[in-house]
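Worksheet for the structure shown next.
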Amino acid sequence: MNILLLGSGGREHALAWKIAASPLTDRLWCAPGNAGIAQEADCVPVDIADHAAVIAFCRDNAVDLVVVGPEAPLVAGLVDNLAGAGIKAFGPSRGAARLEGSKGFTKALCRASHIPTAAYEVFSAAEPAKAYVRARGAPIVVKADGLAAGKGVVVAETVAQAEAAIDQMLSGALGAAGESVVVEEFLTGEEASFFVLCDGENALPLASAQDHKRAYDHDVGPNTGGMGAYSPAPVMTPEITARTMDEIIRPTLKAMAAMGSPYKGVLFAGLMITAEGPKLIEYNVRFGDPECQVLMLRLMSDLVPALVATCDGQLADFDLRWFPQSAITVVLAAKGYPGAYQKGSVIEGLRAAMEVDDVEIFHAGTAERDGQVVAVGGRVLNICAIARTLVEARAQAYAAVAEIRWPGGFCRTDIGARGLVRRTP
């Protein structure tokens, strides 16, 4: 098969690494890609926001399957346009992608379908939102309704912080993403990331993971796109997994099909495991980043047949095999991230880091200039390892981190610590 992968982050590098390993893959392109993806695929300068350009590339190169990595093209309806041109694509339609494109849409679906989630209200004006906050008290969560690159969420510890977040989001600072805000109950429990493949009717559970959203050790600092992850997440016991499928995933798929937008693609449920059981924090309509990196390391099966079966509505009798080991990824980010950061600094030591046993490095915000790898993004590298136990995988990943010479970067030193407390493999 000729396959075109869209995106440029660590998630896409992990997908490229797995797709390139498939015997079904004849040719793999990635648009636009990065310095690491270039080792697995031919990177092409196609603007993925230009749907006509993507379609033209597919026609000119006899592309059999398009795999859409990031959320923005999905919310913008790229899969619909590709389908209209007769091109198979992995990812949900514009209608189905509303599950991530509008937090208010998802909250309303949960309310109508009795899916457990945090109590909430949606506001497009500041004063009613602030009145709701004052009535509910803190801590409380304020979210921009639309896509904000993982940065449109404020967990406010005081009423004043919540009011400031409301003003900031509704002032236009986040563009169209902040035209309305969701103010919701602060849930107490342990977070987990849960993934399923969906073919419009059937859902195939994938492995679980746990992300680390805050910028700094001990879960302090601003929210980010993700500073690391590990899999499996021990909090996702068989009982919790079964309840998640029955109480959250299947009712969602039923509701989406009933409204004429059957969900096809990977569905990523961000969960809070509370004393009452799993509750939905939010949906994402693509693989998580950095969770995808640890999932691809643990996936024993060929990924390409699973992607095709998802597109073709053939998941009813499909199955995947997983390595029992634990996998971890530590994100190296540019100093200043998720705020302002410098670009262009040189990263050295990658070859030595790759020589550490059981380590893979997936690039995110990198480029190659004059034979050197330079940082061009906020989250720059994903140092990943897989081993028999989480303790061993963590030790290998941080050993590889120690080999990298990049004064302009930083990472958290406590990725996977919660899993160690639970003494899980």
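Ordering of the structure tokens sets the chain letters (A, B, ...); residue numbers start at 1 within each chain; ligands are numbered from 1 in the order shown.
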
Residues of region 106-348 of chain A classed as strand (DSSP E or B) by DSSP on the backbone are to be reported as JSON, numbers by chain. {"A": [117, 120, 121, 122, 123, 140, 141, 142, 143, 144, 153, 154, 155, 156, 181, 182, 183, 184, 185, 190, 191, 192, 193, 194, 195, 196, 197, 198, 199, 203, 204, 205, 206, 207, 208, 209, 210, 211, 214, 215, 216, 220, 221, 222, 223, 228, 229, 230, 231, 264, 265, 266, 267, 268, 269, 270, 271, 272, 273, 274, 277, 278, 279, 280, 281, 282, 283, 284, 299, 322, 326, 327, 328, 329, 330, 331, 332, 333, 334, 346, 347, 348]}

So that each row is one residue of region 112-208 of chain A with an atom at most 12 Å from region 77-91 of chain A, can you give its shortest atom pair and the distance in Å to one decimal, using only C-alpha atoms, rows by chain and rising number, as a Markdown table?
| residue | atom | partner | partner_atom | distance |
| --- | --- | --- | --- | --- |
| A:Leu197 | CA | A:Gly91 | CA | 10.0 |
| A:Cys198 | CA | A:Gly91 | CA | 9.6 |
| A:Asp199 | CA | A:Gly91 | CA | 9.8 |
| A:Gly200 | CA | A:Gly91 | CA | 10.9 |

Can you list, as a compact mmCIF listing (two decimals) with C-alpha atoms, in the first residue's frame, every protein, DNA or RNA residue that comes within 6 Å of region 395-402 of chain A when you count only C-alpha atoms, leaving out same-chain residues fewer than 2 positions away?
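To be explicit, this is the file written out as part38.txt:
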# COMPACT_ATOMS: atom_id res chain seq x y z
CA ALA A 353 21.15 7.99 23.57
CA VAL A 356 20.97 2.60 25.33
CA ILE A 383 12.84 9.52 24.81
CA CYS A 384 11.07 6.17 25.00
CA ALA A 385 11.89 2.77 26.45
CA GLU A 392 13.52 -0.93 34.24
CA ALA A 393 11.90 1.04 31.41
CA ILE A 404 21.65 14.10 25.28

Name the closest residue to Gly419 (chain A) among the candidates A:Glu40, A:Asp211, A:Asp319, A:Glu163; distances are taken between atoms, counting only C-alpha atoms.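 Residue with the minimum atom-to-atom distance to Gly419 (chain A): A:Asp211.
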
Find, counting only C-alpha atoms, the residue in A:Glu360, A:Asp302, A:Asp47, A:Glu368 that gets nearest to Thr25 (chain A).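 Looking at the shortest contact to Thr25 (chain A), the residue is A:Asp302.
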
Contacts of Val68 (chain A) at 10 Å or less, counting only C-alpha atoms, minus same-chain residues fewer than 5 places along, as a list in words?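 Listing them by chain and then by number gives Leu4, Leu5, Leu6, Gly7, Glu12, Ala31, Ile48, Pro73, Leu74, Leu78, Val79, Ala89, Phe90, Gly91, Pro92, Gly265, Arg286 and Phe287 of chain A.
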
Ranking A:Gln314, A:Gln293, A:Ser301, A:Asn382 by minimum distance to Val330 (chain A) and counting only C-alpha atoms, which one comes first?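 Of A:Gln314, A:Gln293, A:Ser301, A:Asn382, the one nearest Val330 (chain A) is A:Asn382, counting only C-alpha atoms.
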
Between A:Gly288, A:Gly10, A:Pro32, A:Gly377, which one has atoms that come closest to Ala333 (chain A), using only C-alpha atoms?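 Of A:Gly288, A:Gly10, A:Pro32, A:Gly377, the one nearest Ala333 (chain A) is A:Gly377, counting only C-alpha atoms.
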
Please identify all polymer residues within 12 Å of Arg214 (chain A), counting only C-alpha atoms, omitting same-chain residues fewer than 5 positions from it, and present them as a short mmCIF file (atom, residue, chain, number, x, y, z; two decimals) with C-alpha atoms, in the first residue's frame.
data_model
loop_
_atom_site.label_atom_id
_atom_site.label_comp_id
_atom_site.auth_asym_id
_atom_site.auth_seq_id
_atom_site.Cartn_x
_atom_site.Cartn_y
_atom_site.Cartn_z
CA GLY A 150 -3.93 21.34 24.77
CA LYS A 151 -3.57 24.72 26.47
CA VAL A 153 -7.75 24.36 30.25
CA VAL A 154 -7.25 26.09 33.60
CA VAL A 155 -7.64 24.18 36.85
CA ASP A 219 2.43 17.94 38.83
CA VAL A 220 3.03 21.65 39.31
CA GLY A 221 3.17 24.46 36.76
CA PRO A 222 1.00 25.18 33.73
CA ASN A 223 -0.81 22.57 31.69
CA THR A 224 1.02 21.45 28.55
CA GLY A 225 0.35 19.17 25.62
CA GLY A 226 1.96 16.40 27.70
CA MET A 227 5.41 15.98 29.28
CA GLY A 228 5.54 12.20 29.34
CA ALA A 229 3.48 9.02 29.58
CA VAL A 331 9.40 14.53 26.70
CA TYR A 337 7.47 25.87 27.09
CA PRO A 338 4.44 26.05 27.23
CA CYS A 411 12.26 17.51 31.11
CA ARG A 412 10.36 16.22 34.10
CA ASP A 414 9.25 12.00 37.71
CA ILE A 415 7.53 10.44 34.70
#
